[in-house]
Amino acid sequence: MSAVLPIRVFQEKSKFDFEAQLRRNGIDLPPLSIDTLQVNVTKLCNQVCRHCHVDASPQRREMLSPGGIAKCLEILERHPQIARLDITGGAPELHPGFDAFVEKAVALGKHVMVRHNLTVQLDGNPQTRESKEYLPQFFARNRIEVISSLPYYQEYFTDAQRGSGVFKKSVEAMRRLNALGYGVEGSGLALNLVYNPVGPYLPAAQAGLEADYKRELKEKFGLAFNSLYTITNMPINRFKLHLNKTGQLESYMEKLLSAFNPAAAEGVMCRSLISVGHDGRIYDCDFNQMLEMDAADAKGKRLSIFDFDFERAIRRSIRFGDHCLGCTAGAGSSCGGATA
Amino acid sequence: MSNYYESEDLKKFGDIGQHAKKLADDFFRYYGAVTGSDGALTKREKALIALAVSHAQKCPYCIDAYTTQCLETGSNPEQMMEAVHVAAVMQAGITLVHSVQMQNHLKKMVL
């Protein structure tokens with residue numbers, strides 16, 4: 001495979017052409033900063049969620065190498081402007097080097113966020129059977145920000161998306177986090193939840209849904225959390241397959257296009273982060289990573305952690321595709337929730 | 001086209017402006033003003049009312065549209081089903097309350 005990409009890859013233009021939509025609205029989206037290094041350390045997961053853009057599962061074996069982890073830490077150390085490390089997967093805790101990665105990043109003074117699916121605490125590693133029950137204490141000791149998917153405050157939607165029994169296990173896992181102060185006001189230990197629609201529709205307004213979650217989880221289960229992030233389902237990989245199978249892809253894309261929000265476009269997350277894959281390649285976001293749309297510098301050379309250069313990365317042109325309509329629909333969508 | 005109520009026809013709702021554009025424009029402006037934002041009622045509450053009316057009026061287009069709208073405003077299936085029960089019980093009650101008229105007339109008819 002060539003290390004050099006053409007600056008513009010030829011694609012047959014569809015009516016859902018995102019770049020054409022940007023042009024129609026007079027919007028240009030250059031990178032603004034790189035304040036977050038998001039690292040997808042593994043595609044291995046104890047769950048098989050129906051909407052998962054990573055196609056993660058207990059069978060996956062992709063792992064970022066020890067050398068890759070060391071490079072990420074070196075990049076963090078060399079660049080104080082990259083203040084945040086966002087570790088994702090799969091279930092990132094299933095990476096054998098996860099604990100050391102977290103501890104070293106914390107020692108560098110970075111704000112570390114972990115995309116924690118809750119159930120891994122109880123399920124453990126599906127390949128090695130290693131227990132992960134220590135995770136709440138580990139997170140608390142390192143004062144990690146925990147970000148956990150819980151697609152609804154009820155069992156029906158949650159299990160429909162994430163698998164039978166996931167809701168009950170998620171409640172138990174949240175109890176264990178709450179017991180250590182996570183999600184409890186004044187503790188300084190942040191537990192933020194993520195809402196995804198359970199099908200081809202847009203998220204409800206984030207503030208209203210957060211209030212519902214807080215009320216219902218408190219009343220029914222005695223649970224607490226800090227903030228709710230609403231995230232739109234991206235029409236790629238497993239979710240796209242579902243849309244295709246059920247004949248809903250076209251109508252979902254039309255929904256995303258018709259809900260295009262210029263304000264949400266201005267706030268897309270790819271303008272302020274870079275995403276690292278398990279092989280060290282760099283992408284504009286985790287979605288581009290799953291589509292293998294490598295980030296490339298102004299000369300078209302692929303970016304990698306193994307020859308990372310901040311100036312080349314910040315001067316890149318962000319690569320867009322039809323799926324980007326998912327981040328700009330309605331109130332917008334990012335790893336930190338609504339953007340508009 | 002061999003059937004009434006094709007789901008694809010929902011997309012053609014805007015076409016009601018053919019031959020009567022101003023009236024359609026007025027209608028859609030009114031429609032948007034009533035349903036498109038929070039007012040004294042939230043968008044979610046309005047969507048649940050619309051879902052109930054959709055069932056009472058037996059409109060398949062509206063049922064599809066407002067099922068989605070209920071989800072997109074944060075309702076859950078229990079709330080949506082309860083809204084349908086409100087429509088159902090209203091229709092049953094409306095039928096039953098007419099029996100008062102029957103009783104009134106019955107009294108006149110019976111010695």
# chains A, B, ... in the order shown; residues from 1 in each chain; ligands from 1

call {"tool": "closest_atom_pairs", "arguments": {"of": "chain A", "to": "chain B", "cutoff": "12 Å", "atoms": "only C-alpha atoms", "output": "JSON lines"}}
result
{"residue": "A:Pro151", "atom": "CA", "partner": "B:Gly74", "partner_atom": "CA", "distance": 11.3}
{"residue": "A:Tyr152", "atom": "CA", "partner": "B:Asn76", "partner_atom": "CA", "distance": 8.9}
{"residue": "A:Tyr153", "atom": "CA", "partner": "B:Asn76", "partner_atom": "CA", "distance": 9.6}
{"residue": "A:Gln154", "atom": "CA", "partner": "B:Asn76", "partner_atom": "CA", "distance": 8.6}
{"residue": "A:Glu155", "atom": "CA", "partner": "B:Asn76", "partner_atom": "CA", "distance": 10.9}
{"residue": "A:Tyr156", "atom": "CA", "partner": "B:Pro77", "partner_atom": "CA", "distance": 8.7}
{"residue": "A:Phe157", "atom": "CA", "partner": "B:Asn76", "partner_atom": "CA", "distance": 8.4}
{"residue": "A:Thr158", "atom": "CA", "partner": "B:Asn76", "partner_atom": "CA", "distance": 11.5}
{"residue": "A:Tyr195", "atom": "CA", "partner": "B:Gly74", "partner_atom": "CA", "distance": 10.6}
{"residue": "A:Asn196", "atom": "CA", "partner": "B:Glu72", "partner_atom": "CA", "distance": 11.0}
{"residue": "A:Pro197", "atom": "CA", "partner": "B:Leu71", "partner_atom": "CA", "distance": 8.2}
{"residue": "A:Val198", "atom": "CA", "partner": "B:Leu71", "partner_atom": "CA", "distance": 9.2}
{"residue": "A:Gly199", "atom": "CA", "partner": "B:Leu71", "partner_atom": "CA", "distance": 9.5}
{"residue": "A:Pro200", "atom": "CA", "partner": "B:Thr68", "partner_atom": "CA", "distance": 9.0}
{"residue": "A:Tyr201", "atom": "CA", "partner": "B:Glu72", "partner_atom": "CA", "distance": 6.4}
{"residue": "A:Leu202", "atom": "CA", "partner": "B:Glu72", "partner_atom": "CA", "distance": 5.6}
{"residue": "A:Pro203", "atom": "CA", "partner": "B:Glu72", "partner_atom": "CA", "distance": 5.5}
{"residue": "A:Ala204", "atom": "CA", "partner": "B:Thr73", "partner_atom": "CA", "distance": 4.4}
{"residue": "A:Ala205", "atom": "CA", "partner": "B:Thr73", "partner_atom": "CA", "distance": 6.8}
{"residue": "A:Gln206", "atom": "CA", "partner": "B:Gly74", "partner_atom": "CA", "distance": 9.3}
{"residue": "A:Ala207", "atom": "CA", "partner": "B:Gly74", "partner_atom": "CA", "distance": 10.7}
{"residue": "A:Gly208", "atom": "CA", "partner": "B:Gly74", "partner_atom": "CA", "distance": 8.0}
{"residue": "A:Leu209", "atom": "CA", "partner": "B:Gly74", "partner_atom": "CA", "distance": 6.3}
{"residue": "A:Glu210", "atom": "CA", "partner": "B:Gly74", "partner_atom": "CA", "distance": 10.1}
{"residue": "A:Ala211", "atom": "CA", "partner": "B:Gly74", "partner_atom": "CA", "distance": 10.8}
{"residue": "A:Asp212", "atom": "CA", "partner": "B:Gly74", "partner_atom": "CA", "distance": 8.6}
{"residue": "A:Tyr213", "atom": "CA", "partner": "B:Gly74", "partner_atom": "CA", "distance": 10.3}
{"residue": "A:Thr230", "atom": "CA", "partner": "B:Gly74", "partner_atom": "CA", "distance": 11.1}
{"residue": "A:Thr232", "atom": "CA", "partner": "B:Glu72", "partner_atom": "CA", "distance": 11.0}
{"residue": "A:Gln248", "atom": "CA", "partner": "B:Glu8", "partner_atom": "CA", "distance": 11.9}
{"residue": "A:Glu250", "atom": "CA", "partner": "B:Glu8", "partner_atom": "CA", "distance": 11.9}
{"residue": "A:Ser251", "atom": "CA", "partner": "B:Glu8", "partner_atom": "CA", "distance": 10.1}
{"residue": "A:Tyr252", "atom": "CA", "partner": "B:Thr68", "partner_atom": "CA", "distance": 11.7}
{"residue": "A:Glu254", "atom": "CA", "partner": "B:Lys11", "partner_atom": "CA", "distance": 10.8}
{"residue": "A:Lys255", "atom": "CA", "partner": "B:Thr68", "partner_atom": "CA", "distance": 11.2}
{"residue": "A:Gly330", "atom": "CA", "partner": "B:Glu72", "partner_atom": "CA", "distance": 10.5}
{"residue": "A:Ala331", "atom": "CA", "partner": "B:Glu72", "partner_atom": "CA", "distance": 11.7}

call {"tool": "select_by_dssp", "arguments": {"residues": "stretch 122-283 of chain A", "states": "strand (DSSP E or B)", "output": "PyMOL selection string"}}
result
chain A and resi 145-149+191-195+228-230+260+273-276+281-283

call {"tool": "write_last_selection", "arguments": {"atoms": "C-alpha atoms", "output": "compact mmCIF listing (two decimals), in the first residue's frame"}}
result
# COMPACT_ATOMS: atom_id res chain seq x y z
CA GLU A 145 -13.03 10.70 33.84
CA VAL A 146 -15.33 7.79 33.07
CA ILE A 147 -17.63 8.05 30.04
CA SER A 148 -20.13 5.22 29.74
CA SER A 149 -22.76 4.30 27.18
CA LEU A 191 -19.08 9.81 35.49
CA ASN A 192 -20.70 10.94 32.26
CA LEU A 193 -23.22 8.86 30.34
CA VAL A 194 -23.73 8.54 26.60
CA TYR A 195 -27.11 8.23 24.92
CA LEU A 228 -25.39 13.04 29.57
CA TYR A 229 -23.91 13.22 26.08
CA THR A 230 -26.26 12.59 23.17
CA PHE A 260 -28.01 19.64 8.59
CA LEU A 273 -8.68 16.07 18.12
CA ILE A 274 -6.83 13.36 16.31
CA SER A 275 -7.67 9.69 16.49
CA VAL A 276 -5.07 6.92 16.69
CA ARG A 281 -2.15 5.32 11.97
CA ILE A 282 -3.76 8.71 12.62
CA TYR A 283 -7.27 9.72 11.56

call {"tool": "residues_around", "arguments": {"residues": "stretch 51-61 of chain B", "least_positions_apart": "4", "cutoff": "9 Å", "atoms": "only C-alpha atoms", "output": "ChimeraX atom specification"}}
result
/B:5-7,9-10,46-47,65-67,69-70,80-88,90-91

call {"tool": "write_last_selection", "arguments": {"atoms": "N, CA and C atoms", "output": "short mmCIF file (atom, residue, chain, number, x, y, z; two decimals), in the first residue's frame"}}
result
data_model
loop_
_atom_site.label_atom_id
_atom_site.label_comp_id
_atom_site.auth_asym_id
_atom_site.auth_seq_id
_atom_site.Cartn_x
_atom_site.Cartn_y
_atom_site.Cartn_z
N TYR B 5 -52.52 4.39 0.86
CA TYR B 5 -51.60 4.54 1.99
C TYR B 5 -50.23 3.91 1.75
N GLU B 6 -49.56 4.30 0.67
CA GLU B 6 -48.17 3.88 0.48
C GLU B 6 -47.29 4.71 1.41
N SER B 7 -46.35 4.04 2.14
CA SER B 7 -45.53 4.79 3.10
C SER B 7 -44.68 5.84 2.40
N ASP B 9 -45.58 7.77 0.24
CA ASP B 9 -46.38 8.97 -0.01
C ASP B 9 -46.23 10.02 1.08
N LEU B 10 -45.75 9.59 2.25
CA LEU B 10 -45.60 10.56 3.34
C LEU B 10 -44.67 11.70 2.93
N LYS B 46 -46.41 17.51 22.96
CA LYS B 46 -47.17 17.70 21.72
C LYS B 46 -47.09 16.46 20.84
N ALA B 47 -45.91 15.84 20.79
CA ALA B 47 -45.74 14.64 19.97
C ALA B 47 -46.61 13.50 20.51
N ALA B 65 -44.99 8.95 11.41
CA ALA B 65 -44.28 10.22 11.64
C ALA B 65 -44.19 10.53 13.13
N TYR B 66 -45.26 10.30 13.87
CA TYR B 66 -45.24 10.68 15.29
C TYR B 66 -44.65 9.61 16.19
N THR B 67 -44.56 8.37 15.73
CA THR B 67 -43.77 7.39 16.47
C THR B 67 -42.32 7.84 16.47
N GLN B 69 -41.25 10.91 15.87
CA GLN B 69 -41.14 12.19 16.59
C GLN B 69 -41.14 11.98 18.11
N CYS B 70 -41.92 11.01 18.56
CA CYS B 70 -41.92 10.71 20.01
C CYS B 70 -40.54 10.21 20.44
N MET B 80 -45.57 6.08 25.05
CA MET B 80 -46.25 6.12 23.75
C MET B 80 -47.50 5.22 23.78
N MET B 81 -47.35 4.06 24.37
CA MET B 81 -48.49 3.13 24.42
C MET B 81 -49.60 3.69 25.31
N GLU B 82 -49.19 4.38 26.38
CA GLU B 82 -50.21 4.98 27.26
C GLU B 82 -50.97 6.07 26.53
N ALA B 83 -50.26 6.82 25.67
CA ALA B 83 -50.93 7.86 24.88
C ALA B 83 -51.98 7.22 23.97
N VAL B 84 -51.63 6.07 23.38
CA VAL B 84 -52.59 5.38 22.51
C VAL B 84 -53.80 4.91 23.34
N HIS B 85 -53.54 4.48 24.57
CA HIS B 85 -54.66 4.07 25.43
C HIS B 85 -55.56 5.26 25.76
N VAL B 86 -54.97 6.44 25.89
CA VAL B 86 -55.81 7.63 26.12
C VAL B 86 -56.76 7.81 24.94
N ALA B 87 -56.21 7.67 23.71
CA ALA B 87 -57.06 7.78 22.52
C ALA B 87 -58.14 6.70 22.54
N ALA B 88 -57.73 5.48 22.87
CA ALA B 88 -58.68 4.36 22.85
C ALA B 88 -59.78 4.55 23.88
N MET B 90 -60.78 7.30 25.23
CA MET B 90 -61.65 8.43 24.86
C MET B 90 -62.69 7.97 23.85
N GLN B 91 -62.24 7.16 22.88
CA GLN B 91 -63.20 6.69 21.88
C GLN B 91 -64.24 5.77 22.51
#

call {"tool": "residues_around", "arguments": {"residues": "A:Val120", "least_positions_apart": "6", "cutoff": "12 Å", "atoms": "only C-alpha atoms", "output": "NGL selection string"}}
result
:A and (44-47 or 58 or 90-94 or 126 or 129-136 or 148-149 or 166 or 169-170 or 172-174)

call {"tool": "write_last_selection", "arguments": {"atoms": "N, CA and C atoms", "output": "PDB file, in the first residue's frame"}}
result
ATOM      1  N   LEU A  44     -11.296  -5.398  20.641  1.00  0.00           N
ATOM      2  CA  LEU A  44     -11.855  -6.450  21.497  1.00  0.00           C
ATOM      3  C   LEU A  44     -12.865  -5.830  22.460  1.00  0.00           C
ATOM      4  N   CYS A  45     -14.007  -6.482  22.590  1.00  0.00           N
ATOM      5  CA  CYS A  45     -15.038  -5.999  23.509  1.00  0.00           C
ATOM      6  C   CYS A  45     -15.802  -7.192  24.067  1.00  0.00           C
ATOM      7  N   ASN A  46     -16.302  -7.037  25.270  1.00  0.00           N
ATOM      8  CA  ASN A  46     -17.139  -8.098  25.850  1.00  0.00           C
ATOM      9  C   ASN A  46     -18.557  -8.036  25.333  1.00  0.00           C
ATOM     10  N   GLN A  47     -18.915  -6.962  24.650  1.00  0.00           N
ATOM     11  CA  GLN A  47     -20.275  -6.792  24.118  1.00  0.00           C
ATOM     12  C   GLN A  47     -20.259  -6.803  22.585  1.00  0.00           C
ATOM     13  N   PRO A  58     -16.235  -9.899  21.114  1.00  0.00           N
ATOM     14  CA  PRO A  58     -15.300 -10.749  21.877  1.00  0.00           C
ATOM     15  C   PRO A  58     -14.310 -11.498  20.987  1.00  0.00           C
ATOM     16  N   GLY A  90     -13.705  -0.822  20.978  1.00  0.00           N
ATOM     17  CA  GLY A  90     -13.711  -1.900  21.926  1.00  0.00           C
ATOM     18  C   GLY A  90     -13.916  -1.479  23.377  1.00  0.00           C
ATOM     19  N   ALA A  91     -13.582  -2.423  24.228  1.00  0.00           N
ATOM     20  CA  ALA A  91     -13.506  -2.105  25.656  1.00  0.00           C
ATOM     21  C   ALA A  91     -12.023  -1.901  25.942  1.00  0.00           C
ATOM     22  N   PRO A  92     -11.590  -0.644  26.091  1.00  0.00           N
ATOM     23  CA  PRO A  92     -10.148  -0.370  26.154  1.00  0.00           C
ATOM     24  C   PRO A  92      -9.458  -1.044  27.326  1.00  0.00           C
ATOM     25  N   GLU A  93     -10.241  -1.325  28.386  1.00  0.00           N
ATOM     26  CA  GLU A  93      -9.638  -1.940  29.584  1.00  0.00           C
ATOM     27  C   GLU A  93      -9.163  -3.360  29.299  1.00  0.00           C
ATOM     28  N   LEU A  94      -9.565  -3.927  28.165  1.00  0.00           N
ATOM     29  CA  LEU A  94      -9.156  -5.290  27.824  1.00  0.00           C
ATOM     30  C   LEU A  94      -7.781  -5.327  27.162  1.00  0.00           C
ATOM     31  N   PRO A 126     -13.341 -11.521  27.723  1.00  0.00           N
ATOM     32  CA  PRO A 126     -14.008 -12.686  27.137  1.00  0.00           C
ATOM     33  C   PRO A 126     -13.041 -13.719  26.571  1.00  0.00           C
ATOM     34  N   ARG A 129     -10.659 -14.561  30.317  1.00  0.00           N
ATOM     35  CA  ARG A 129     -11.470 -14.692  31.543  1.00  0.00           C
ATOM     36  C   ARG A 129     -10.911 -13.865  32.690  1.00  0.00           C
ATOM     37  N   GLU A 130      -9.934 -13.037  32.418  1.00  0.00           N
ATOM     38  CA  GLU A 130      -9.366 -12.181  33.472  1.00  0.00           C
ATOM     39  C   GLU A 130     -10.456 -11.270  34.047  1.00  0.00           C
ATOM     40  N   SER A 131     -10.501 -11.173  35.361  1.00  0.00           N
ATOM     41  CA  SER A 131     -11.506 -10.335  36.026  1.00  0.00           C
ATOM     42  C   SER A 131     -11.164  -8.851  35.857  1.00  0.00           C
ATOM     43  N   LYS A 132     -12.200  -8.031  35.737  1.00  0.00           N
ATOM     44  CA  LYS A 132     -11.991  -6.581  35.652  1.00  0.00           C
ATOM     45  C   LYS A 132     -12.752  -5.870  36.772  1.00  0.00           C
ATOM     46  N   GLU A 133     -12.999  -6.594  37.835  1.00  0.00           N
ATOM     47  CA  GLU A 133     -13.773  -6.008  38.939  1.00  0.00           C
ATOM     48  C   GLU A 133     -13.012  -4.909  39.682  1.00  0.00           C
ATOM     49  N   TYR A 134     -11.711  -4.834  39.463  1.00  0.00           N
ATOM     50  CA  TYR A 134     -10.913  -3.817  40.150  1.00  0.00           C
ATOM     51  C   TYR A 134     -11.055  -2.432  39.500  1.00  0.00           C
ATOM     52  N   LEU A 135     -11.690  -2.366  38.340  1.00  0.00           N
ATOM     53  CA  LEU A 135     -11.670  -1.119  37.564  1.00  0.00           C
ATOM     54  C   LEU A 135     -12.196   0.107  38.324  1.00  0.00           C
ATOM     55  N   PRO A 136     -13.317   0.028  39.056  1.00  0.00           N
ATOM     56  CA  PRO A 136     -13.771   1.251  39.747  1.00  0.00           C
ATOM     57  C   PRO A 136     -12.698   1.830  40.661  1.00  0.00           C
ATOM     58  N   SER A 148     -19.514   6.534  29.921  1.00  0.00           N
ATOM     59  CA  SER A 148     -20.129   5.217  29.736  1.00  0.00           C
ATOM     60  C   SER A 148     -21.411   5.282  28.928  1.00  0.00           C
ATOM     61  N   SER A 149     -21.536   4.373  27.977  1.00  0.00           N
ATOM     62  CA  SER A 149     -22.761   4.301  27.183  1.00  0.00           C
ATOM     63  C   SER A 149     -23.879   3.668  27.988  1.00  0.00           C
ATOM     64  N   VAL A 166     -27.705  -6.468  29.543  1.00  0.00           N
ATOM     65  CA  VAL A 166     -26.734  -5.370  29.682  1.00  0.00           C
ATOM     66  C   VAL A 166     -27.247  -4.298  30.650  1.00  0.00           C
ATOM     67  N   LYS A 169     -26.675  -5.277  34.314  1.00  0.00           N
ATOM     68  CA  LYS A 169     -25.239  -5.242  34.648  1.00  0.00           C
ATOM     69  C   LYS A 169     -24.731  -3.788  34.704  1.00  0.00           C
ATOM     70  N   SER A 170     -25.258  -2.961  33.807  1.00  0.00           N
ATOM     71  CA  SER A 170     -24.828  -1.553  33.792  1.00  0.00           C
ATOM     72  C   SER A 170     -25.235  -0.857  35.081  1.00  0.00           C
ATOM     73  N   GLU A 172     -25.621  -2.271  38.006  1.00  0.00           N
ATOM     74  CA  GLU A 172     -24.731  -2.758  39.068  1.00  0.00           C
ATOM     75  C   GLU A 172     -23.352  -2.077  38.975  1.00  0.00           C
ATOM     76  N   ALA A 173     -22.860  -1.947  37.747  1.00  0.00           N
ATOM     77  CA  ALA A 173     -21.545  -1.310  37.557  1.00  0.00           C
ATOM     78  C   ALA A 173     -21.598   0.157  37.975  1.00  0.00           C
ATOM     79  N   MET A 174     -22.694   0.836  37.654  1.00  0.00           N
ATOM     80  CA  MET A 174     -22.828   2.243  38.075  1.00  0.00           C
ATOM     81  C   MET A 174     -22.884   2.347  39.593  1.00  0.00           C
TER      82      MET A 174
END

call {"tool": "residues_around", "arguments": {"residues": "A:Gln81", "least_positions_apart": "5", "cutoff": "10 Å", "atoms": "only C-alpha atoms", "output": "list in words"}}
result
Ser33, Ile34, Asp35, Thr36 and Leu76 of chain A

call {"tool": "atom_distance", "arguments": {"atom1": "atom CA of A:Leu223", "atom2": "atom CA of A:Thr119"}}
result
15.6 Å

call {"tool": "decode", "arguments": {"residues": "stretch 68-128 of chain A", "atoms": "C-alpha atoms", "output": "short mmCIF file (atom, residue, chain, number, x, y, z; two decimals), in the first residue's frame"}}
result
data_model
loop_
_atom_site.label_atom_id
_atom_site.label_comp_id
_atom_site.auth_asym_id
_atom_site.auth_seq_id
_atom_site.Cartn_x
_atom_site.Cartn_y
_atom_site.Cartn_z
CA GLY A 68 2.50 2.22 19.93
CA ILE A 69 1.53 2.95 23.52
CA ALA A 70 5.04 4.27 24.19
CA LYS A 71 4.79 6.55 21.12
CA CYS A 72 1.44 7.95 22.28
CA LEU A 73 2.96 8.72 25.69
CA GLU A 74 5.95 10.35 24.01
CA ILE A 75 3.62 12.53 21.91
CA LEU A 76 1.70 13.53 25.03
CA GLU A 77 4.90 14.36 26.86
CA ARG A 78 6.33 16.42 24.01
CA HIS A 79 3.15 18.41 23.42
CA PRO A 80 1.69 20.22 26.43
CA GLN A 81 -1.03 21.63 24.17
CA ILE A 82 -2.45 18.08 23.87
CA ALA A 83 -3.94 18.18 27.34
CA ARG A 84 -6.38 15.27 27.09
CA LEU A 85 -6.07 11.57 26.43
CA ASP A 86 -9.31 9.84 25.42
CA ILE A 87 -8.91 6.05 25.51
CA THR A 88 -11.48 4.07 23.57
CA GLY A 89 -12.05 0.68 21.93
CA GLY A 90 -13.71 -1.90 21.93
CA ALA A 91 -13.51 -2.11 25.66
CA PRO A 92 -10.15 -0.37 26.15
CA GLU A 93 -9.64 -1.94 29.58
CA LEU A 94 -9.16 -5.29 27.82
CA HIS A 95 -5.86 -4.10 26.36
CA PRO A 96 -3.06 -5.69 28.44
CA GLY A 97 -1.21 -2.39 28.61
CA PHE A 98 -4.25 -0.32 29.57
CA ASP A 99 -3.46 0.19 33.27
CA ALA A 100 0.13 1.28 32.66
CA PHE A 101 -0.96 3.57 29.80
CA VAL A 102 -3.43 5.31 32.09
CA GLU A 103 -1.01 5.63 35.00
CA LYS A 104 1.79 7.05 32.83
CA ALA A 105 -0.53 9.56 31.12
CA VAL A 106 -1.81 10.68 34.52
CA ALA A 107 1.79 11.03 35.70
CA LEU A 108 2.37 13.35 32.73
CA GLY A 109 -0.40 15.56 34.09
CA LYS A 110 -2.87 14.75 31.31
CA HIS A 111 -6.62 14.67 31.73
CA VAL A 112 -7.47 11.03 31.00
CA MET A 113 -10.90 9.92 29.82
CA VAL A 114 -11.89 6.28 29.42
CA ARG A 115 -14.81 5.11 27.28
CA HIS A 116 -15.93 2.47 29.74
CA ASN A 117 -18.88 0.26 28.77
CA LEU A 118 -19.73 -0.55 32.42
CA THR A 119 -20.42 -4.27 31.86
CA VAL A 120 -16.74 -5.12 31.43
CA GLN A 121 -16.45 -4.70 35.21
CA LEU A 122 -18.67 -7.76 35.61
CA ASP A 123 -17.94 -9.70 32.41
CA GLY A 124 -14.16 -9.49 32.48
CA ASN A 125 -12.03 -10.40 29.48
CA PRO A 126 -14.01 -12.69 27.14
CA GLN A 127 -10.80 -14.26 25.77
CA THR A 128 -8.68 -14.73 28.89
#
